[in-house]
>>> print(open('structure.cif').read())   # mmCIF, C-alpha atoms
data_query
#
loop_
_atom_site.label_atom_id
_atom_site.label_comp_id
_atom_site.auth_asym_id
_atom_site.auth_seq_id
_atom_site.Cartn_x
_atom_site.Cartn_y
_atom_site.Cartn_z
CA MET D 40 7.77 59.17 37.39
CA ILE D 41 7.97 57.38 34.02
CA GLY D 42 4.47 57.62 32.59
CA SER D 43 2.77 60.54 34.35
CA GLU D 44 0.74 62.75 32.00
CA LYS D 45 2.18 65.80 33.77
CA ILE D 46 5.64 65.18 32.35
CA TRP D 47 4.83 63.77 28.89
CA GLU D 48 5.69 67.06 27.19
CA ARG D 49 9.12 66.96 28.84
CA GLY D 50 10.03 63.49 27.53
CA ALA D 51 9.06 60.78 29.96
CA ALA D 52 11.27 58.17 28.30
CA LEU D 53 14.54 60.05 28.40
CA THR D 54 17.53 57.85 29.20
CA SER D 55 18.41 59.98 32.19
CA ARG D 56 14.90 59.57 33.60
CA LEU D 57 14.93 55.77 33.16
CA GLN D 58 18.36 55.53 34.77
CA SER D 59 17.15 57.56 37.73
CA PHE D 60 14.14 55.26 38.07
CA GLU D 61 16.37 52.15 38.08
CA THR D 62 19.05 53.42 40.44
CA ASP D 63 17.08 55.67 42.80
CA MET D 64 13.81 53.77 43.11
CA LEU D 65 14.04 50.13 42.01
CA ALA D 66 17.44 49.60 43.62
CA GLY D 67 16.23 50.62 47.05
CA GLU D 68 16.63 48.03 49.80
CA GLU D 69 12.87 47.95 50.41
CA ASN D 70 12.25 46.89 46.79
CA PHE D 71 14.68 43.97 46.51
CA ALA D 72 12.35 41.38 48.01
CA ALA D 73 9.44 42.54 45.86
CA LEU D 74 11.53 42.41 42.70
CA ALA D 75 12.62 38.88 43.55
CA ARG D 76 8.96 37.81 43.97
CA ILE D 77 7.70 39.16 40.64
CA ASN D 78 8.92 36.30 38.48
CA ARG D 79 7.81 33.63 40.95
CA GLU D 80 4.32 35.09 41.18
CA LEU D 81 3.97 35.09 37.39
CA ILE D 82 4.97 31.42 37.25
CA ALA D 83 2.47 30.69 40.04
CA LYS D 84 -0.34 31.98 37.81
CA ALA D 85 0.65 29.47 35.13
CA GLU D 86 0.94 26.69 37.73
CA ALA D 87 -2.59 27.43 38.90
CA VAL D 88 -3.87 26.51 35.42
CA ALA D 89 -1.93 23.28 34.92
CA SER D 90 0.55 21.88 37.43
CA PRO D 91 1.61 18.23 37.93
CA GLN D 92 1.25 16.62 41.32
CA ARG D 93 4.96 15.82 41.32
CA VAL D 94 7.32 18.82 41.19
CA THR D 95 10.94 18.41 40.12
CA LEU D 96 13.41 21.09 41.20
CA ASP D 97 16.83 21.52 39.60
CA MET D 98 19.62 23.59 41.17
CA ASP D 99 22.35 24.98 38.95
CA LEU D 100 25.00 27.68 38.87
CA THR D 101 26.73 29.66 36.17
CA GLU D 102 29.21 32.46 35.59
CA ILE D 103 28.69 36.02 34.42
CA PRO D 104 32.09 37.27 33.19
CA VAL D 105 32.75 40.94 33.81
CA CYS D 106 35.16 43.54 32.53
CA GLY D 107 36.70 46.03 34.93
CA GLN D 108 36.20 46.18 38.70
CA GLN D 109 32.46 45.70 39.20
CA GLU D 110 31.34 45.54 42.82
CA GLN D 111 31.62 42.00 44.32
CA SER D 112 33.07 40.52 41.14
CA ALA D 113 36.05 38.25 41.81
CA TYR D 114 38.30 35.73 40.12
CA ASN D 115 36.92 32.18 40.01
CA GLY D 116 39.51 29.45 39.53
CA HIS D 117 37.04 26.92 38.13
CA PHE D 118 35.78 29.21 35.38
CA GLU D 119 39.19 30.91 35.07
CA SER D 120 37.58 34.32 34.82
CA THR D 121 36.64 37.37 36.85
CA CYS D 122 32.92 37.02 37.20
CA TYR D 123 29.78 36.81 39.26
CA HIS D 124 28.69 33.32 40.36
CA PRO D 125 24.87 33.22 40.36
CA LEU D 126 22.79 30.42 41.86
CA LEU D 127 19.64 29.37 39.97
CA LEU D 128 16.63 27.18 40.77
CA PHE D 129 14.48 25.73 37.97
CA ASN D 130 11.45 23.51 37.66
CA ARG D 131 11.18 20.59 35.23
CA GLU D 132 9.75 22.86 32.54
CA GLY D 133 12.83 25.09 32.68
CA ASP D 134 11.18 28.05 34.43
CA CYS D 135 13.51 29.95 36.75
CA LEU D 136 11.85 29.92 40.15
CA ALA D 137 14.54 31.77 42.09
CA ALA D 138 17.98 33.26 41.57
CA GLU D 139 20.70 34.88 43.63
CA LEU D 140 23.53 37.01 42.32
CA ARG D 141 26.65 36.06 44.27
CA PRO D 142 30.29 37.22 44.31
CA GLY D 143 32.55 35.39 41.89
CA ASN D 144 34.63 33.60 44.51
CA VAL D 145 31.95 32.06 46.76
CA HIS D 146 31.59 28.29 47.19
CA SER D 147 29.25 26.71 44.66
CA ALA D 148 26.71 25.72 47.34
CA ASP D 149 26.80 29.04 49.21
CA GLY D 150 23.23 30.24 49.85
CA LEU D 151 21.63 27.04 48.57
CA GLU D 152 19.42 26.51 51.61
CA GLN D 153 18.05 30.06 51.51
CA LEU D 154 17.09 29.67 47.85
CA LEU D 155 15.88 26.06 47.83
CA LEU D 156 14.05 25.46 51.12
CA PRO D 157 11.44 28.26 50.78
CA GLU D 158 10.43 26.85 47.38
CA ILE D 159 10.17 23.34 48.83
CA GLU D 160 8.01 24.62 51.69
CA ARG D 161 5.81 26.45 49.20
CA GLN D 162 5.22 23.31 47.14
CA LEU D 163 4.59 21.15 50.19
CA ARG D 164 1.93 23.57 51.43
CA LEU D 165 0.19 23.07 48.07
CA GLY D 166 0.17 19.32 48.68
CA LYS D 167 2.77 18.58 46.00
CA GLU D 168 5.32 15.76 45.97
CA VAL D 169 8.78 17.34 45.59
CA VAL D 170 11.93 15.78 44.15
CA PHE D 171 15.29 17.53 43.85
CA ARG D 172 18.20 17.06 41.42
CA ALA D 173 21.66 18.65 41.51
CA ASP D 174 25.26 18.21 40.43
CA SER D 175 28.24 17.36 42.65
CA ALA D 176 28.76 21.06 43.39
CA PHE D 177 25.89 20.72 45.89
CA ASP D 178 27.12 17.55 47.59
CA LYS D 179 26.59 18.63 51.22
CA PRO D 180 25.40 16.42 54.13
CA GLU D 181 23.39 19.35 55.51
CA ILE D 182 21.37 19.42 52.29
CA TYR D 183 20.70 15.67 52.46
CA GLU D 184 19.41 15.99 56.01
CA ALA D 185 17.25 19.04 55.26
CA LEU D 186 15.62 17.24 52.33
CA GLU D 187 15.09 14.04 54.30
CA ARG D 188 13.40 15.91 57.16
CA ARG D 189 10.89 17.27 54.65
CA GLY D 190 10.29 13.96 52.92
CA VAL D 191 11.85 15.18 49.66
CA LYS D 192 13.39 12.57 47.37
CA TYR D 193 16.65 13.65 45.79
CA ALA D 194 19.37 12.67 43.33
CA ILE D 195 22.66 14.51 43.86
CA ARG D 196 25.81 13.54 42.05
CA ILE D 197 28.73 12.80 44.38
CA PRO D 198 32.45 12.96 43.52
CA ALA D 199 34.31 9.71 43.01
CA ASN D 200 36.77 8.54 45.64
CA ASP D 201 38.81 5.42 46.37
CA SER D 202 36.15 3.95 48.65
CA LEU D 203 33.38 4.25 46.06
CA GLU D 204 35.62 2.86 43.33
CA ARG D 205 36.30 -0.20 45.50
CA ASP D 206 32.53 -0.72 45.81
CA ILE D 207 32.16 -0.87 42.02
CA ALA D 208 35.48 -2.55 41.22
CA GLU D 209 33.75 -5.41 39.40
CA LEU D 210 32.16 -2.92 36.98
CA LEU D 211 35.44 -1.24 36.01
CA THR D 212 36.82 -4.21 34.07
CA ARG D 213 36.22 -3.90 30.33
CA PRO D 214 33.88 -6.59 28.92
CA VAL D 215 35.66 -9.54 27.32
CA GLY D 216 35.51 -9.89 23.55
CA ARG D 217 35.24 -7.52 20.60
CA PRO D 218 34.36 -3.96 21.74
CA SER D 219 30.78 -2.94 21.07
CA ARG D 220 30.19 -0.02 18.74
CA LYS D 221 27.42 1.10 21.06
CA PRO D 222 28.22 2.23 24.63
CA VAL D 223 28.01 -0.55 27.22
CA VAL D 224 26.27 0.80 30.33
CA TRP D 225 26.22 -0.93 33.73
CA TYR D 226 24.52 0.17 36.96
CA LYS D 227 24.97 -0.78 40.58
CA SER D 228 22.97 0.27 43.63
CA PHE D 229 24.46 -0.06 47.10
CA LEU D 230 24.57 1.55 50.55
CA SER D 231 27.51 3.75 51.47
CA GLN D 232 28.38 6.08 54.32
CA ALA D 233 30.98 8.81 54.00
CA GLU D 234 32.81 10.03 57.09
CA SER D 235 30.82 13.28 57.15
CA TRP D 236 27.44 11.48 56.89
CA THR D 237 25.39 10.59 59.94
CA LYS D 238 23.97 7.45 58.28
CA ALA D 239 24.35 5.21 55.26
CA ARG D 240 22.60 6.31 52.08
CA ARG D 241 21.79 4.68 48.79
CA VAL D 242 24.32 5.31 46.02
CA VAL D 243 23.72 4.45 42.37
CA ALA D 244 26.80 4.08 40.17
CA LYS D 245 26.64 4.28 36.37
CA VAL D 246 29.61 2.96 34.38
CA GLU D 247 29.89 3.41 30.62
CA PHE D 248 32.33 1.74 28.21
CA HIS D 249 32.77 3.55 24.88
CA CYS D 250 34.43 2.16 21.78
CA GLY D 251 37.89 3.66 21.27
CA GLU D 252 38.30 4.90 24.84
CA LEU D 253 40.87 3.39 27.18
CA PHE D 254 38.99 3.77 30.48
CA PRO D 255 35.32 3.40 31.48
CA ARG D 256 33.28 6.41 32.56
CA PRO D 257 32.01 6.02 36.16
CA ALA D 258 30.61 8.82 38.23
CA LEU D 259 33.71 10.94 38.40
CA LEU D 260 34.49 14.58 38.75
CA ARG D 261 34.43 16.57 35.54
CA ARG D 262 38.13 17.34 35.68
CA VAL D 263 39.06 13.71 34.91
CA GLU D 264 36.06 12.60 32.84
CA LYS D 265 37.78 12.50 29.44
CA ARG D 266 40.10 9.53 29.23
CA SER D 267 41.55 9.43 25.75
CA LEU D 268 45.30 8.83 25.50
CA THR D 269 45.78 12.49 24.64
CA SER D 270 43.92 13.66 27.74
CA LEU D 271 45.85 11.20 29.91
CA GLN D 272 49.07 12.68 28.60
CA GLU D 273 47.89 16.23 29.21
CA ARG D 274 46.41 15.56 32.65
CA LEU D 275 48.85 13.08 34.12
CA VAL D 276 52.17 13.74 32.39
CA LYS D 277 52.30 17.33 31.19
CA THR D 278 51.73 19.93 33.89
CA GLY D 279 51.86 23.67 33.37
CA GLY D 280 53.59 25.72 36.03
CA ARG D 281 55.63 28.76 36.85
CA LEU D 282 58.67 29.13 39.11
CA ILE D 283 58.93 32.36 41.09
CA THR D 284 62.18 33.14 42.89
CA SER D 285 63.15 35.65 45.54
CA ALA D 286 66.20 36.23 47.70
CA ARG D 287 65.11 33.56 50.21
CA TYR D 288 62.37 31.40 48.67
CA PHE D 289 61.28 29.53 45.58
CA TRP D 290 57.57 29.15 44.74
CA LEU D 291 56.40 26.60 42.21
CA LEU D 292 52.89 27.45 41.01
CA LEU D 293 51.20 24.50 39.30
CA ALA D 294 48.05 24.38 37.20
CA GLU D 295 44.86 23.26 38.97
CA SER D 296 44.94 19.94 37.09
CA HIS D 297 48.45 19.04 38.25
CA LEU D 298 49.20 15.42 39.10
CA THR D 299 48.61 14.77 42.78
CA ARG D 300 49.78 11.65 44.58
CA ARG D 301 46.21 10.51 45.17
CA LEU D 302 45.18 11.02 41.56
CA PHE D 303 48.26 9.23 40.22
CA GLY D 304 47.71 6.28 42.55
CA SER D 305 44.05 5.87 41.56
CA ARG D 306 44.94 5.97 37.84
CA VAL D 307 47.65 3.32 38.27
CA ARG D 308 45.25 1.02 40.12
CA ARG D 309 42.66 1.37 37.39
CA ILE D 310 45.19 0.71 34.62
CA ALA D 311 46.08 -2.52 36.41
CA THR D 312 42.45 -3.70 36.06
CA LEU D 313 42.47 -3.47 32.26
CA GLU D 314 42.19 -6.69 30.32
CA ALA D 315 45.06 -7.56 27.96
CA PRO D 316 44.01 -7.34 24.27
CA SER D 317 43.07 -10.73 22.84
CA GLY D 318 44.69 -12.16 19.71
#
>>> encode(input="structure.cif", output="structure tokens")
Amino acid sequence: MIGSEKIWERGAALTSRLQSFETDMLAGEENFAALARINRELIAKAEAVASPQRVTLDMDLTEIPVCGQQEQSAYNGHFESTCYHPLLLFNREGDCLAAELRPGNVHSADGLEQLLLPEIERQLRLGKEVVFRADSAFDKPEIYEALERRGVKYAIRIPANDSLERDIAELLTRPVGRPSRKPVVWYKSFLSQAESWTKARRVVAKVEFHCGELFPRPALLRRVEKRSLTSLQERLVKTGGRLITSARYFWLLLAESHLTRRLFGSRVRRIATLEAPSG
């Protein structure tokens, strides 16, 4: 349709002809699976030349902002935009092994198993050792169990909570003496079992103390990572909101980062652990 000698004299590369090829032929349901395999098969050719015995897989997600009312686009509160919310799988070299275009308002881990497990099975059939890394967006017990059944080692960031902070309480006290200009980094490895887990698992905590910052940096959610005095004021004291009134009701709409009782309590407990300045 694009390159046939029979239609060269009529302009094979006309925009209308290319658009028809994309929408009428490539976008057919029967072609979706084949299109998804093209990139992976090209990477497989490179892997056949030089591929390490140990394969590291990284799962990530991103946003694709849109303008207008594109099909399946939706508002995402985390990105604060109307967008698509694609899921991506990479190897250690940064090659994209698989991708899925998702609606903007789906959960971050939606469709993870369908994208990740086939690639793991593929590598295991080749006799490879597989390890998996991901952010806290993919903190799901089902994923842990699926990886463990396949003998896959993994490192997945988990959100901080009161129980975990109690386990590392001794690391959250600022070192005594003059603050170091270089970050002070402490680690602790221990077993922990969340309520949704079927067994205890190893957790590794990393705590960093930086010169000029009031609080240490443990493994916390991104929304409370920055702990300068300015950010404390913005996060814990100042809260944006809007009051909507009607004949019978009042609605107070608060920003996503508004001060919850749990967040306030955890901050107060951590302030209480700070050492008084010497001299």
>>> resolve_selection(input="structure.cif", expression="the PyMOL selection byres ((chain D and resi 194-198) around 9)", output="ChimeraX atom specification")
/D:170-178,183,192-193,199-200,242,258-261
>>> atom_distance(input="structure.cif", atom1="CA of Cys250 in chain D", atom2="CA of Val307 in chain D")
21.2 Å
>>> resolve_selection(input="structure.cif", expression="the PyMOL selection byres ((chain D and resi 112-123) around 12)", output="JSON, numbers by chain")
{"D": [100, 101, 102, 103, 104, 105, 106, 107, 108, 109, 110, 111, 124, 125, 126, 139, 140, 141, 142, 143, 144, 145, 146, 147, 176, 261, 262, 294, 295, 296]}
>>> resolve_selection(input="structure.cif", expression="the PyMOL selection byres ((chain D and resi 68-78) around 10)", output="list in words")
Met64, Leu65, Ala66, Gly67, Arg79, Glu80, Leu81, Ile82, Ala83, Asp134, Cys135, Leu136, Ala137, Ala138 and Glu139 of chain D
>>> closest_residue(input="structure.cif", among="D:Arg164, D:Lys179, D:Asp149, D:Asp206", to="Thr237 in chain D", atoms="all atoms listed in the file")
D:Lys179
>>> closest_residue(input="structure.cif", among="D:Arg281, D:Arg189, D:Arg220, D:Arg131", to="Asp97 in chain D", atoms="all atoms listed in the file")
D:Arg131
>>> atom_distance(input="structure.cif", atom1="CA of Thr95 in chain D", atom2="CA of Phe129 in chain D")
8.4 Å
>>> closest_residue(input="structure.cif", among="D:Gln162, D:Ser202, D:Glu187, D:Glu209", to="Lys238 in chain D", atoms="all atoms listed in the file")
D:Glu187
>>> atom_distance(input="structure.cif", atom1="CA of Ile159 in chain D", atom2="CA of Val88 in chain D")
19.7 Å
>>> decode(input="structure.cif", residues="range 135-208 of chain D", atoms="C-alpha atoms", output="PDB file, in the first residue's frame")
ATOM      1  CA  CYS D 135      12.503  -0.650  27.030  1.00  0.00           C
ATOM      2  CA  LEU D 136      11.418  -4.285  27.038  1.00  0.00           C
ATOM      3  CA  ALA D 137       7.669  -3.734  27.316  1.00  0.00           C
ATOM      4  CA  ALA D 138       5.171  -0.916  27.664  1.00  0.00           C
ATOM      5  CA  GLU D 139       1.457  -0.481  28.176  1.00  0.00           C
ATOM      6  CA  LEU D 140      -0.538   2.660  27.501  1.00  0.00           C
ATOM      7  CA  ARG D 141      -3.072   3.012  30.321  1.00  0.00           C
ATOM      8  CA  PRO D 142      -5.847   5.487  31.189  1.00  0.00           C
ATOM      9  CA  GLY D 143      -4.730   8.447  33.252  1.00  0.00           C
ATOM     10  CA  ASN D 144      -6.610   7.495  36.414  1.00  0.00           C
ATOM     11  CA  VAL D 145      -5.586   3.839  36.903  1.00  0.00           C
ATOM     12  CA  HIS D 146      -3.638   2.673  39.957  1.00  0.00           C
ATOM     13  CA  SER D 147       0.126   2.837  39.494  1.00  0.00           C
ATOM     14  CA  ALA D 148       0.503  -0.959  39.690  1.00  0.00           C
ATOM     15  CA  ASP D 149      -2.445  -1.772  37.422  1.00  0.00           C
ATOM     16  CA  GLY D 150      -1.376  -4.325  34.795  1.00  0.00           C
ATOM     17  CA  LEU D 151       2.053  -4.899  36.349  1.00  0.00           C
ATOM     18  CA  GLU D 152       1.776  -8.685  36.419  1.00  0.00           C
ATOM     19  CA  GLN D 153       0.758  -8.896  32.753  1.00  0.00           C
ATOM     20  CA  LEU D 154       3.763  -6.809  31.724  1.00  0.00           C
ATOM     21  CA  LEU D 155       6.408  -8.155  34.115  1.00  0.00           C
ATOM     22  CA  LEU D 156       5.791 -11.892  34.487  1.00  0.00           C
ATOM     23  CA  PRO D 157       6.051 -12.834  30.766  1.00  0.00           C
ATOM     24  CA  GLU D 158       9.473 -11.149  30.621  1.00  0.00           C
ATOM     25  CA  ILE D 159      10.604 -12.978  33.756  1.00  0.00           C
ATOM     26  CA  GLU D 160       9.443 -16.300  32.305  1.00  0.00           C
ATOM     27  CA  ARG D 161      11.294 -15.513  29.083  1.00  0.00           C
ATOM     28  CA  GLN D 162      14.565 -14.848  30.897  1.00  0.00           C
ATOM     29  CA  LEU D 163      14.214 -17.908  33.120  1.00  0.00           C
ATOM     30  CA  ARG D 164      13.748 -20.134  30.070  1.00  0.00           C
ATOM     31  CA  LEU D 165      17.081 -18.785  28.815  1.00  0.00           C
ATOM     32  CA  GLY D 166      18.715 -19.871  32.065  1.00  0.00           C
ATOM     33  CA  LYS D 167      19.214 -16.319  33.339  1.00  0.00           C
ATOM     34  CA  GLU D 168      19.220 -15.140  36.947  1.00  0.00           C
ATOM     35  CA  VAL D 169      16.574 -12.401  37.275  1.00  0.00           C
ATOM     36  CA  VAL D 170      16.426  -9.565  39.802  1.00  0.00           C
ATOM     37  CA  PHE D 171      13.702  -6.919  39.951  1.00  0.00           C
ATOM     38  CA  ARG D 172      13.717  -3.312  41.217  1.00  0.00           C
ATOM     39  CA  ALA D 173      10.784  -0.927  41.644  1.00  0.00           C
ATOM     40  CA  ASP D 174       9.557   2.108  43.561  1.00  0.00           C
ATOM     41  CA  SER D 175       6.901   2.188  46.290  1.00  0.00           C
ATOM     42  CA  ALA D 176       4.185   2.563  43.648  1.00  0.00           C
ATOM     43  CA  PHE D 177       4.527  -1.208  43.097  1.00  0.00           C
ATOM     44  CA  ASP D 178       4.447  -2.225  46.753  1.00  0.00           C
ATOM     45  CA  LYS D 179       1.969  -5.127  46.466  1.00  0.00           C
ATOM     46  CA  PRO D 180       2.069  -8.439  48.405  1.00  0.00           C
ATOM     47  CA  GLU D 181       0.861 -10.280  45.295  1.00  0.00           C
ATOM     48  CA  ILE D 182       3.975  -9.125  43.454  1.00  0.00           C
ATOM     49  CA  TYR D 183       6.248 -10.290  46.280  1.00  0.00           C
ATOM     50  CA  GLU D 184       4.675 -13.739  46.219  1.00  0.00           C
ATOM     51  CA  ALA D 185       4.781 -14.039  42.421  1.00  0.00           C
ATOM     52  CA  LEU D 186       8.485 -13.159  42.405  1.00  0.00           C
ATOM     53  CA  GLU D 187       9.302 -15.506  45.271  1.00  0.00           C
ATOM     54  CA  ARG D 188       7.553 -18.431  43.563  1.00  0.00           C
ATOM     55  CA  ARG D 189       9.841 -17.910  40.565  1.00  0.00           C
ATOM     56  CA  GLY D 190      13.008 -17.524  42.606  1.00  0.00           C
ATOM     57  CA  VAL D 191      13.430 -13.875  41.587  1.00  0.00           C
ATOM     58  CA  LYS D 192      15.305 -11.597  43.977  1.00  0.00           C
ATOM     59  CA  TYR D 193      13.775  -8.153  44.326  1.00  0.00           C
ATOM     60  CA  ALA D 194      14.193  -4.729  45.916  1.00  0.00           C
ATOM     61  CA  ILE D 195      10.957  -2.744  46.159  1.00  0.00           C
ATOM     62  CA  ARG D 196      10.723   0.470  48.104  1.00  0.00           C
ATOM     63  CA  ILE D 197       7.975   0.447  50.744  1.00  0.00           C
ATOM     64  CA  PRO D 198       6.218   3.480  52.264  1.00  0.00           C
ATOM     65  CA  ALA D 199       7.161   4.514  55.773  1.00  0.00           C
ATOM     66  CA  ASN D 200       4.728   3.895  58.613  1.00  0.00           C
ATOM     67  CA  ASP D 201       4.731   4.131  62.399  1.00  0.00           C
ATOM     68  CA  SER D 202       5.690   0.477  62.842  1.00  0.00           C
ATOM     69  CA  LEU D 203       8.740   0.726  60.579  1.00  0.00           C
ATOM     70  CA  GLU D 204       9.829   3.977  62.206  1.00  0.00           C
ATOM     71  CA  ARG D 205       9.729   2.276  65.609  1.00  0.00           C
ATOM     72  CA  ASP D 206      12.031  -0.436  64.230  1.00  0.00           C
ATOM     73  CA  ILE D 207      14.639   2.165  63.264  1.00  0.00           C
ATOM     74  CA  ALA D 208      14.064   4.606  66.127  1.00  0.00           C
TER      75      ALA D 208
END
